[in-house]
$ cat entry05.cif   # mmCIF, C-alpha atoms
data_protein
#
loop_
_atom_site.label_atom_id
_atom_site.label_comp_id
_atom_site.auth_asym_id
_atom_site.auth_seq_id
_atom_site.Cartn_x
_atom_site.Cartn_y
_atom_site.Cartn_z
CA MET A 195 27.96 -29.40 -0.84
CA ILE A 196 30.09 -29.14 2.27
CA GLY A 197 28.65 -29.03 5.76
CA PHE A 198 27.65 -30.98 8.81
CA VAL A 199 25.48 -34.08 8.88
CA THR A 200 23.74 -34.34 12.20
CA THR A 201 20.46 -34.98 13.92
CA GLN A 202 17.46 -32.73 13.51
CA GLU A 203 17.74 -31.74 17.15
CA GLN A 204 21.39 -30.78 16.88
CA ALA A 205 20.74 -28.86 13.66
CA GLN A 206 17.95 -26.92 15.35
CA ALA A 207 20.19 -26.22 18.32
CA ALA A 208 22.91 -24.88 16.04
CA ASN A 209 20.48 -22.61 14.23
CA ASP A 210 19.02 -21.48 17.55
CA ALA A 211 22.51 -20.59 18.74
CA VAL A 212 23.15 -18.54 15.61
CA ALA A 213 19.83 -16.77 16.12
CA GLN A 214 20.68 -16.04 19.74
CA ALA A 215 24.03 -14.57 18.75
CA GLN A 216 22.06 -11.97 16.84
CA THR A 217 19.26 -11.29 19.32
CA ASP A 218 21.74 -11.06 22.21
CA ARG A 219 23.18 -8.09 20.37
CA GLY A 220 19.79 -6.45 19.95
CA LEU A 221 19.68 -7.45 16.30
CA PRO A 222 16.92 -9.10 14.33
CA VAL A 223 17.57 -12.62 13.10
CA PHE A 224 18.68 -11.77 9.57
CA TRP A 225 20.78 -14.86 8.86
CA LEU A 226 20.70 -18.53 9.66
CA PRO A 227 22.76 -21.41 8.28
CA GLY A 228 19.55 -23.38 7.80
CA SER A 229 18.93 -27.10 8.24
CA TYR A 230 17.85 -29.41 5.48
CA PRO A 231 16.51 -32.96 5.76
CA ILE A 232 18.58 -35.45 3.77
CA PHE A 233 16.29 -37.49 1.55
CA SER A 234 18.75 -39.73 -0.27
CA GLY A 235 22.35 -40.94 -0.30
CA GLU A 236 24.34 -42.51 2.49
CA HIS A 237 23.10 -39.95 5.02
CA ALA A 238 19.43 -40.27 4.23
CA GLY A 239 17.28 -39.63 7.25
CA GLU A 240 19.68 -37.22 8.87
CA THR A 241 19.89 -33.42 8.68
CA PHE A 242 22.36 -31.23 6.78
CA ILE A 243 23.77 -27.86 7.88
CA PRO A 244 25.62 -26.08 5.05
CA CYS A 245 29.06 -24.82 6.11
CA ASP A 246 31.55 -24.26 3.33
CA ASP A 247 34.20 -21.54 3.11
CA ALA A 248 31.88 -19.16 1.27
CA ILE A 249 29.26 -19.50 3.96
CA MET A 250 31.78 -18.86 6.71
CA ASP A 251 32.82 -15.71 4.82
CA THR A 252 29.28 -14.39 4.29
CA PRO A 253 29.25 -10.61 4.81
CA LEU A 254 26.77 -10.24 7.64
CA LEU A 255 26.96 -6.89 9.36
CA GLY A 256 28.80 -3.69 10.05
CA SER A 257 31.62 -1.63 8.68
CA PRO A 258 34.14 -3.16 8.49
CA VAL A 259 31.95 -6.05 7.59
CA MET A 260 31.81 -9.04 9.94
CA SER A 261 31.35 -12.61 8.79
CA PRO A 262 30.22 -15.60 10.88
CA LYS A 263 33.85 -16.35 11.73
CA ASP A 264 34.15 -12.95 13.41
CA PHE A 265 31.56 -13.80 16.05
CA PRO A 266 32.89 -15.43 19.25
CA GLU A 267 29.95 -17.82 19.28
CA PHE A 268 31.03 -19.27 15.94
CA ALA A 269 33.80 -21.40 17.39
CA GLN A 270 31.49 -22.77 20.07
CA ILE A 271 28.80 -23.71 17.58
CA ILE A 272 31.31 -25.38 15.28
CA ALA A 273 32.84 -27.26 18.20
CA ALA A 274 29.42 -28.55 19.25
CA LEU A 275 29.02 -29.98 15.75
CA GLY A 276 32.37 -31.77 15.96
CA GLY A 277 34.70 -29.15 14.55
CA LEU A 278 35.35 -28.16 10.95
CA SER A 279 37.08 -31.46 10.31
CA ALA A 280 33.77 -33.22 10.94
CA ARG A 281 32.27 -31.69 7.81
CA VAL A 282 31.37 -33.93 4.92
CA GLU A 283 30.48 -33.41 1.31
CA ILE A 284 27.08 -34.47 0.04
CA ASP A 285 25.32 -34.20 -3.27
CA ALA A 286 22.86 -31.32 -3.59
CA GLN A 287 20.28 -33.75 -4.90
CA ASP A 288 20.34 -35.54 -1.54
CA ILE A 289 18.57 -32.60 0.12
CA THR A 290 16.03 -32.11 -2.63
CA ALA A 291 12.66 -33.51 -1.65
CA PRO A 292 11.54 -36.24 -4.05
CA ASN A 293 8.29 -36.06 -5.98
CA ILE A 294 8.12 -32.29 -5.77
CA SER A 295 6.56 -31.08 -9.03
CA MET B 1270 12.73 42.82 -6.88
CA MET B 1271 12.49 39.30 -8.15
CA ILE B 1272 12.92 36.68 -5.50
CA LEU B 1273 14.63 33.63 -6.86
CA GLN B 1274 13.14 30.40 -5.63
CA GLN B 1275 15.73 28.39 -3.86
CA THR B 1276 15.82 24.72 -4.62
CA ARG B 1277 17.34 22.25 -2.30
CA GLY B 1278 17.08 19.11 -4.37
CA VAL B 1279 14.93 16.51 -2.72
CA LEU B 1280 14.40 18.74 0.30
CA SER B 1281 12.54 21.28 -1.79
CA SER B 1282 9.59 18.92 -2.17
CA GLY B 1283 8.37 19.13 1.40
CA GLY B 1284 11.28 17.45 3.11
CA PHE B 1285 12.72 13.97 3.21
CA ASP B 1286 10.13 11.24 3.43
CA PRO B 1287 10.07 9.79 6.98
CA PHE B 1288 9.86 6.20 5.70
CA ALA B 1289 12.88 6.85 3.52
CA ALA B 1290 14.78 8.31 6.44
CA ARG B 1291 13.86 5.38 8.66
CA TYR B 1292 14.92 2.81 6.08
CA ILE B 1293 18.22 4.54 5.34
CA ASN B 1294 19.00 4.93 9.03
CA LYS B 1295 18.31 1.25 9.58
CA ILE B 1296 20.48 -0.07 6.75
CA GLU B 1297 23.31 2.31 7.61
CA SER B 1298 23.23 1.06 11.18
CA PHE B 1299 23.77 -2.41 9.71
CA GLY B 1300 26.78 -1.28 7.71
CA ALA B 1301 25.35 -0.24 4.35
CA SER B 1302 27.01 2.70 2.62
CA VAL B 1303 24.32 4.90 1.06
CA SER B 1304 25.37 7.58 -1.42
CA PHE B 1305 23.60 10.88 -1.98
CA LEU B 1306 22.26 9.61 -5.30
CA GLN B 1307 20.87 6.51 -3.61
CA ARG B 1308 19.25 8.57 -0.86
CA GLU B 1309 17.50 10.67 -3.47
CA ALA B 1310 16.36 7.59 -5.36
CA ILE B 1311 14.96 5.98 -2.22
CA ASN B 1312 13.22 9.17 -1.22
CA ASN B 1313 11.75 9.57 -4.70
CA PHE B 1314 10.42 6.02 -4.61
CA TYR B 1315 8.44 6.62 -1.44
CA LYS B 1316 7.17 9.98 -2.63
CA SER B 1317 6.05 8.59 -5.98
CA ALA B 1318 4.31 5.66 -4.31
CA LYS B 1319 2.39 8.03 -2.07
CA THR B 1320 1.60 10.49 -4.82
CA ASP B 1321 0.34 7.67 -7.04
CA GLY B 1322 -1.78 6.36 -4.18
CA TYR B 1323 -0.51 2.81 -3.79
CA PHE B 1324 2.02 3.12 -0.98
CA SER B 1325 -0.37 1.76 1.66
CA GLN B 1326 -0.94 -1.30 -0.52
CA ILE B 1327 2.68 -2.41 -0.38
CA LYS B 1328 2.99 -5.01 2.39
CA ARG B 1329 6.65 -5.91 1.99
CA LEU B 1330 9.42 -4.59 -0.28
CA TYR B 1331 13.01 -5.74 -0.06
CA LEU B 1332 15.94 -4.20 -1.90
CA PRO B 1333 18.89 -6.58 -1.41
CA ILE B 1334 21.48 -4.49 -3.23
CA TRP B 1335 23.83 -3.56 -0.40
CA ALA B 1336 26.26 -6.51 -0.56
CA ILE B 1337 25.78 -7.18 3.16
CA THR B 1338 23.25 -9.60 4.61
CA SER B 1339 21.66 -7.49 7.35
CA PRO B 1340 20.81 -4.37 5.28
CA ASN B 1341 19.59 -6.66 2.52
CA ALA B 1342 17.09 -8.23 4.90
CA VAL B 1343 15.36 -4.95 5.82
CA ASP B 1344 11.83 -4.31 4.57
CA LEU B 1345 11.32 -0.82 3.10
CA ILE B 1346 7.78 -0.65 4.45
CA THR B 1347 7.98 -1.85 8.05
CA SER B 1348 11.76 -1.67 8.61
CA THR B 1349 11.52 -5.15 10.11
CA SER B 1350 13.91 -7.83 8.93
CA GLY B 1351 13.47 -11.14 7.21
CA THR B 1352 16.05 -13.92 7.28
CA PHE B 1353 18.49 -15.13 4.66
CA THR B 1354 19.78 -18.67 4.84
CA SER B 1355 23.29 -19.72 3.93
CA GLY B 1356 23.98 -20.31 0.27
CA VAL B 1357 23.12 -16.77 -0.80
CA THR B 1358 25.76 -14.50 -2.33
CA HIS B 1359 25.32 -10.84 -1.46
CA ALA B 1360 26.71 -8.78 -4.32
CA PRO B 1361 26.41 -5.08 -5.19
CA GLY B 1362 23.04 -4.75 -6.86
CA TYR B 1363 21.57 -8.18 -6.16
CA VAL B 1364 21.59 -11.42 -4.22
CA GLN B 1365 22.09 -14.81 -5.82
CA GLY B 1366 21.12 -18.16 -4.42
CA ASN B 1367 23.24 -21.25 -4.90
CA GLY B 1368 20.32 -23.22 -6.28
CA SER B 1369 20.43 -25.74 -3.41
CA THR B 1370 19.95 -24.15 0.00
CA GLY B 1371 19.83 -20.36 -0.29
CA TYR B 1372 16.55 -18.48 0.14
CA PHE B 1373 14.97 -15.59 2.04
CA THR B 1374 12.02 -15.80 4.37
CA THR B 1375 9.87 -12.89 5.45
CA GLY B 1376 9.17 -14.78 8.68
CA THR B 1377 5.52 -13.81 8.26
CA ALA B 1378 2.59 -16.07 7.51
CA SER B 1379 1.46 -15.75 3.92
CA ASN B 1380 -2.20 -15.47 4.78
CA THR B 1381 -1.52 -12.41 6.93
CA LEU B 1382 0.08 -10.68 3.96
CA ILE B 1383 -2.02 -11.82 1.04
CA ALA B 1384 -5.69 -12.52 0.64
CA THR B 1385 -6.86 -15.56 -1.30
CA GLY B 1386 -8.64 -13.41 -3.88
CA SER B 1387 -6.46 -10.32 -4.02
CA GLY B 1388 -2.74 -9.67 -3.98
CA MET B 1389 0.49 -9.34 -5.90
CA ILE B 1390 3.92 -10.87 -5.40
CA GLY B 1391 7.10 -10.80 -7.41
CA THR B 1392 10.80 -10.23 -7.81
CA LEU B 1393 13.18 -8.13 -9.83
CA ASN B 1394 15.03 -10.81 -11.68
CA PHE B 1395 18.24 -9.23 -12.90
CA THR B 1396 19.62 -12.08 -14.91
CA GLY B 1397 19.85 -15.80 -15.10
CA ILE B 1398 17.70 -18.50 -16.51
CA PRO B 1399 15.75 -20.25 -13.79
CA THR B 1400 16.05 -23.97 -13.53
CA PHE B 1401 12.94 -26.05 -13.84
CA ASN B 1402 10.16 -24.79 -11.63
CA THR B 1403 12.30 -22.32 -9.73
CA GLY B 1404 10.32 -20.32 -7.24
CA MET B 1405 11.00 -16.64 -7.11
CA ALA B 1406 8.30 -15.59 -4.68
CA THR B 1407 6.05 -18.10 -3.02
CA SER B 1408 3.75 -18.72 -0.13
CA GLY B 1409 5.80 -21.84 0.46
CA GLY B 1410 4.58 -24.97 2.09
CA GLY B 1411 2.49 -27.40 0.11
CA LEU B 1412 2.19 -27.46 -3.62
CA GLY B 1413 -0.73 -27.64 -5.94
CA GLY B 1414 -3.41 -25.24 -4.95
CA ILE B 1415 -1.75 -23.73 -1.95
CA SER B 1416 1.01 -21.66 -3.45
CA ALA B 1417 1.45 -18.41 -5.26
CA ARG B 1418 4.66 -17.99 -7.23
CA CYS B 1419 6.34 -16.87 -10.38
CA GLY B 1420 9.25 -18.55 -12.04
CA SER B 1421 10.09 -20.97 -14.77
CA GLY B 1422 7.82 -23.79 -15.79
CA ASN B 1423 8.31 -27.30 -17.08
CA SER B 1424 8.60 -26.32 -20.71
CA GLY B 1425 11.84 -24.43 -20.64
CA VAL B 1426 12.34 -20.77 -20.01
CA ILE B 1427 8.88 -19.39 -19.51
CA GLN B 1428 7.20 -17.22 -16.95
CA THR B 1429 4.65 -18.88 -14.69
CA ALA B 1430 2.21 -17.32 -12.27
CA LEU B 1431 0.31 -19.72 -10.03
CA TRP B 1432 -2.46 -18.56 -7.80
CA LEU B 1433 -4.24 -21.19 -5.77
CA GLY B 1434 -5.35 -23.34 -8.66
CA VAL B 1435 -5.56 -20.72 -11.37
CA ASN B 1436 -2.34 -20.54 -13.34
CA VAL B 1437 -1.00 -18.37 -16.13
CA ILE B 1438 1.90 -19.67 -18.17
CA ARG B 1439 3.48 -17.22 -20.57
CA SER B 1440 5.75 -18.00 -23.45
CA ALA B 1441 8.83 -15.86 -23.08
CA SER B 1442 12.35 -15.88 -24.40
CA SER B 1443 13.67 -14.51 -21.15
CA THR B 1444 12.58 -14.34 -17.56
CA SER B 1445 14.70 -11.31 -16.77
CA GLY B 1446 12.82 -8.29 -15.54
CA ILE B 1447 10.32 -7.58 -12.81
CA LEU B 1448 8.17 -10.71 -12.73
CA LEU B 1449 4.86 -10.64 -10.90
CA SER B 1450 2.03 -12.94 -10.07
CA ALA B 1451 -1.20 -11.24 -9.07
CA ARG B 1452 -4.83 -11.87 -8.33
CA LEU B 1453 -7.67 -9.37 -8.64
CA SER B 1454 -11.35 -9.45 -9.48
CA GLY B 1455 -11.49 -13.17 -10.19
CA ALA B 1456 -8.44 -13.25 -12.47
CA THR B 1457 -4.85 -14.42 -12.10
CA ILE B 1458 -2.32 -12.15 -13.75
CA SER B 1459 1.22 -12.84 -14.90
CA GLY B 1460 3.08 -9.63 -15.57
CA LYS B 1461 6.56 -8.56 -16.54
CA ARG B 1462 8.36 -5.26 -16.81
CA ASN B 1463 11.68 -5.16 -18.60
CA SER B 1464 13.58 -2.72 -20.75
CA ALA B 1465 10.94 -3.09 -23.47
CA GLY B 1466 8.08 -2.04 -21.21
CA TYR B 1467 5.26 -3.78 -19.36
CA SER B 1468 3.13 -6.71 -20.49
CA GLU B 1469 0.82 -9.26 -18.89
CA ASP B 1470 -1.56 -12.13 -19.51
CA THR B 1471 -4.58 -13.12 -17.45
CA THR B 1472 -6.74 -16.14 -16.76
CA THR B 1473 -10.19 -15.72 -15.26
CA ALA B 1474 -11.41 -18.54 -13.05
CA ALA B 1475 -12.30 -19.19 -9.44
CA THR B 1476 -9.49 -20.31 -7.14
CA THR B 1477 -9.59 -23.88 -5.88
CA ALA B 1478 -7.68 -23.34 -2.64
CA VAL B 1479 -7.10 -20.70 0.00
CA MET B 1480 -3.88 -18.94 0.97
CA GLY B 1481 -1.97 -20.95 3.55
CA ALA B 1482 -0.21 -19.98 6.74
CA ASP B 1483 3.35 -20.91 5.79
CA ASN B 1484 5.86 -18.11 5.91
CA PHE B 1485 6.20 -16.22 2.64
CA ILE B 1486 9.57 -16.79 1.03
CA PHE B 1487 11.61 -15.56 -1.92
CA MET B 1488 14.16 -17.37 -4.05
CA ALA B 1489 12.71 -20.84 -3.64
CA ARG B 1490 9.57 -22.72 -4.54
CA ASN B 1491 9.43 -24.09 -1.04
CA THR B 1492 12.12 -24.75 1.51
CA VAL B 1493 13.05 -28.21 0.27
CA ALA B 1494 12.98 -27.73 -3.49
CA GLY B 1495 13.02 -25.22 -6.33
CA PHE B 1496 15.84 -23.02 -5.07
CA SER B 1497 16.73 -20.11 -7.32
CA SER B 1498 20.17 -19.44 -8.74
CA ASN B 1499 19.06 -16.18 -10.31
CA ARG B 1500 20.28 -12.73 -9.49
CA ILE B 1501 17.51 -11.00 -7.56
CA GLY B 1502 17.45 -7.25 -7.03
CA ALA B 1503 14.11 -6.83 -5.25
CA GLY B 1504 11.18 -8.76 -3.82
CA PHE B 1505 7.70 -7.51 -3.07
CA ILE B 1506 4.25 -8.33 -1.77
CA THR B 1507 1.26 -6.03 -2.15
CA SER B 1508 -2.46 -6.18 -1.79
CA GLY B 1509 -4.51 -6.43 -4.98
CA VAL B 1510 -3.78 -3.57 -7.36
CA ASP B 1511 -5.19 -2.67 -10.77
CA LEU B 1512 -3.35 -2.57 -14.07
CA ALA B 1513 -2.46 1.11 -13.84
CA THR B 1514 -0.93 0.55 -10.43
CA ARG B 1515 0.95 -2.56 -11.52
CA GLN B 1516 2.46 -0.48 -14.31
CA LYS B 1517 3.32 2.48 -12.05
CA PHE B 1518 4.70 0.34 -9.24
CA THR B 1519 6.95 -1.74 -11.48
CA LEU B 1520 8.22 1.36 -13.28
CA ASN B 1521 8.94 3.05 -9.97
CA LEU B 1522 10.74 -0.05 -8.72
CA LYS B 1523 12.76 -0.30 -11.92
CA THR B 1524 13.84 3.33 -11.54
CA LEU B 1525 14.74 2.81 -7.89
CA TRP B 1526 16.84 -0.28 -8.55
CA GLU B 1527 18.59 1.07 -11.64
CA THR B 1528 19.43 4.40 -9.98
CA CYS B 1529 20.68 2.78 -6.79
CA THR B 1530 22.75 0.11 -8.51
CA GLY B 1531 23.88 1.72 -11.73
CA LEU B 1532 22.76 -1.46 -13.47
CA THR B 1533 20.19 -1.73 -16.25
CA LEU B 1534 17.17 -3.99 -16.06
CA PRO B 1535 17.35 -6.36 -19.03
#

$ encode --input "entry05.cif" --output "structure tokens"
Amino acid sequence: MIGFVTTQEQAQAANDAVAQAQTDRGLPVFWLPGSYPIFSGEHAGETFIPCDDAIMDTPLLGSPVMSPKDFPEFAQIIAALGGLSARVEIDAQDITAPNIS
Amino acid sequence: MMILQQTRGVLSSGGFDPFAARYINKIESFGASVSFLQREAINNFYKSAKTDGYFSQIKRLYLPIWAITSPNAVDLITSTSGTFTSGVTHAPGYVQGNGSTGYFTTGTASNTLIATGSGMIGTLNFTGIPTFNTGMATSGGGLGGISARCGSGNSGVIQTALWLGVNVIRSASSTSGILLSARLSGATISGKRNSAGYSEDTTTAATTAVMGADNFIFMARNTVAGFSSNRIGAGFITSGVDLATRQKFTLNLKTLWETCTGLTLP
């Protein structure tokens, strides 16, 4: 899985910014990237924000349809996370909580 | 002189349902393209639900068939919106999670939508075999007694309905169809409607927990595990309804989804 590894606070801030981009336009918050605690692997203890190409191309709104990349705030949020080159790849199992039955 | 009755399609039945009009207006404002056939199908759903007397019992109903996130997040009952996370593909006719991060939250506390002793939840599961213990509709949060869900179990592809300590596990060769988990009159019910019809099993016992306050979610067992990779065409939450209503509601939903998508429920 490709995305950003960051602190819980930064992950919340990024999601809050995405939410605000919607509410500033009078929209409900219908989409968020999400933030997922990392339970295992080299980044255990940190927080993961998914951000692969498919996510950046998610059809969000309108006709013609806009994706996250079409919002001006997108570049700012990505920059605050270190830019697209700061993304890493982690194993999906790393964000699966252990001992969940 | 014989006066021929004029028919105006859906308009001849007392006009377009206001809930239908509101929903269609909302999703079109978000970019959905709604055909005449789909408008009729949506209108017919509302009218049937009201005629059959269960419309007021539907708390939330989502129809994520529009291939765009924002229309997919709109509730047919309140016209409010839930929230999709990343990792969900929005295709014509359904949404599909990536099995790792994608899910949908109503943003509403479960215990404000569902009573401990009475309620129904479920999804229209178009296709796909759930992975172990995949949640399709759940009150989220903690496990054990404080969850209500339907999905696969730990013995392969089976249908599971858990309701606060009283579970029903059904042997099934497929989990495609409208899968529901319900509670009424001291019994937990696991039901399924597919192309073959409607069936259900029940277990009668007292619950051992109460409905929690976590937000109700679809497509995951909770927000850190059990993410679905199935193709989901609808999600719903209702108050407790009897067998006749479960049958009527699921048939009505099947008709709505099939007419709007052109797909066939397995």

$ residues_around --input "entry05.cif" --residues "Arg1308 in chain B" --least-positions-apart "6" --cutoff "9 Å" --atoms "only C-alpha atoms" --output "number ranges by chain"
B: 1289-1290, 1293, 1529

$ residues_around --input "entry05.cif" --residues "Pro244 in chain A" --least-positions-apart "6" --cutoff "12 Å" --atoms "only C-alpha atoms" --output "ChimeraX atom specification"
/A:195-200,205,208-209,226-232,250,272,275,278,281-286,289 /B:1354-1357,1367,1369-1371

$ interface_residues --input "entry05.cif" --of "chain B" --to "chain A" --cutoff "7 Å" --atoms "all atoms listed in the file" --output "PDB file with C-alpha atoms, keeping the file's coordinate frame"
ATOM      1  CA  PHE B1299      23.770  -2.410   9.710  1.00  0.00           C
ATOM      2  CA  GLY B1300      26.780  -1.280   7.710  1.00  0.00           C
ATOM      3  CA  ILE B1337      25.780  -7.180   3.160  1.00  0.00           C
ATOM      4  CA  THR B1338      23.250  -9.600   4.610  1.00  0.00           C
ATOM      5  CA  SER B1339      21.660  -7.490   7.350  1.00  0.00           C
ATOM      6  CA  ALA B1342      17.090  -8.230   4.900  1.00  0.00           C
ATOM      7  CA  SER B1350      13.910  -7.830   8.930  1.00  0.00           C
ATOM      8  CA  GLY B1351      13.470 -11.140   7.210  1.00  0.00           C
ATOM      9  CA  THR B1352      16.050 -13.920   7.280  1.00  0.00           C
ATOM     10  CA  PHE B1353      18.490 -15.130   4.660  1.00  0.00           C
ATOM     11  CA  THR B1354      19.780 -18.670   4.840  1.00  0.00           C
ATOM     12  CA  SER B1355      23.290 -19.720   3.930  1.00  0.00           C
ATOM     13  CA  GLY B1356      23.980 -20.310   0.270  1.00  0.00           C
ATOM     14  CA  SER B1369      20.430 -25.740  -3.410  1.00  0.00           C
ATOM     15  CA  VAL B1493      13.050 -28.210   0.270  1.00  0.00           C
ATOM     16  CA  ALA B1494      12.980 -27.730  -3.490  1.00  0.00           C
TER      17      ALA B1494
END

$ closest_residue --input "entry05.cif" --among "B:Tyr1363, B:Phe1505, B:Trp1526, B:Phe1395" --to "Lys1328 in chain B" --atoms "only C-alpha atoms"
B:Phe1505

$ closest_residue --input "entry05.cif" --among "B:Met1405, B:Leu1330, B:Ile1438, B:Leu1453" --to "Tyr1315 in chain B" --atoms "only C-alpha atoms"
B:Leu1330

$ closest_residue --input "entry05.cif" --among "A:Glu240, A:Gln204, A:Asp251, A:Gln216" --to "Ala274 in chain A" --atoms "all atoms listed in the file"
A:Gln204

$ decode --input "entry05.cif" --residues "range 228-294 of chain A" --atoms "C-alpha atoms" --output "compact mmCIF listing (two decimals), in the first residue's frame"
# COMPACT_ATOMS: atom_id res chain seq x y z
CA GLY A 228 -8.54 8.25 6.37
CA SER A 229 -5.75 7.61 8.85
CA TYR A 230 -4.75 4.20 10.10
CA PRO A 231 -2.50 3.32 13.04
CA ILE A 232 0.45 1.17 12.01
CA PHE A 233 0.63 -1.87 14.26
CA SER A 234 3.61 -3.73 12.83
CA GLY A 235 6.58 -3.42 10.48
CA GLU A 236 9.30 -0.82 10.44
CA HIS A 237 6.80 2.02 10.90
CA ALA A 238 4.97 0.53 13.84
CA GLY A 239 3.63 3.18 16.15
CA GLU A 240 3.13 5.76 13.45
CA THR A 241 0.07 6.58 11.33
CA PHE A 242 -0.63 5.78 7.68
CA ILE A 243 -2.52 7.94 5.17
CA PRO A 244 -3.32 6.03 1.95
CA CYS A 245 -2.38 7.97 -1.18
CA ASP A 246 -1.81 5.92 -4.30
CA ASP A 247 -2.64 6.88 -7.88
CA ALA A 248 -6.10 5.32 -7.70
CA ILE A 249 -6.93 7.32 -4.61
CA MET A 250 -5.76 10.55 -6.20
CA ASP A 251 -8.03 9.75 -9.16
CA THR A 252 -11.12 8.94 -7.07
CA PRO A 253 -14.21 10.39 -8.78
CA LEU A 254 -15.53 12.73 -6.12
CA LEU A 255 -18.00 15.26 -7.44
CA GLY A 256 -19.57 17.05 -10.34
CA SER A 257 -19.90 16.78 -14.07
CA PRO A 258 -17.28 16.67 -15.43
CA VAL A 259 -16.18 14.68 -12.46
CA MET A 260 -13.50 16.12 -10.18
CA SER A 261 -10.93 14.04 -8.36
CA PRO A 262 -8.81 15.06 -5.35
CA LYS A 263 -6.11 16.33 -7.70
CA ASP A 264 -8.56 18.85 -9.16
CA PHE A 265 -8.96 20.68 -5.86
CA PRO A 266 -6.49 23.54 -5.22
CA GLU A 267 -6.11 22.44 -1.61
CA PHE A 268 -4.72 19.08 -2.73
CA ALA A 269 -1.27 20.42 -3.53
CA GLN A 270 -1.08 22.20 -0.18
CA ILE A 271 -2.06 19.12 1.77
CA ILE A 272 0.42 16.94 -0.11
CA ALA A 273 3.17 19.52 0.41
CA ALA A 274 2.49 19.58 4.14
CA LEU A 275 3.05 15.81 4.18
CA GLY A 276 6.38 16.16 2.38
CA GLY A 277 5.30 15.90 -1.23
CA LEU A 278 4.41 12.85 -3.28
CA SER A 279 8.02 11.71 -3.24
CA ALA A 280 7.75 11.27 0.52
CA ARG A 281 5.29 8.41 0.09
CA VAL A 282 6.31 4.93 1.11
CA GLU A 283 4.96 1.48 0.54
CA ILE A 284 3.83 -0.60 3.48
CA ASP A 285 2.25 -4.00 3.85
CA ALA A 286 -1.52 -4.01 4.34
CA GLN A 287 -1.07 -6.33 7.29
CA ASP A 288 0.85 -3.58 9.08
CA ILE A 289 -2.35 -1.57 9.55
CA THR A 290 -4.48 -4.52 10.60
CA ALA A 291 -5.03 -4.54 14.33
CA PRO A 292 -3.67 -7.72 15.92
CA ASN A 293 -5.82 -10.09 17.93
CA ILE A 294 -9.02 -8.97 16.26
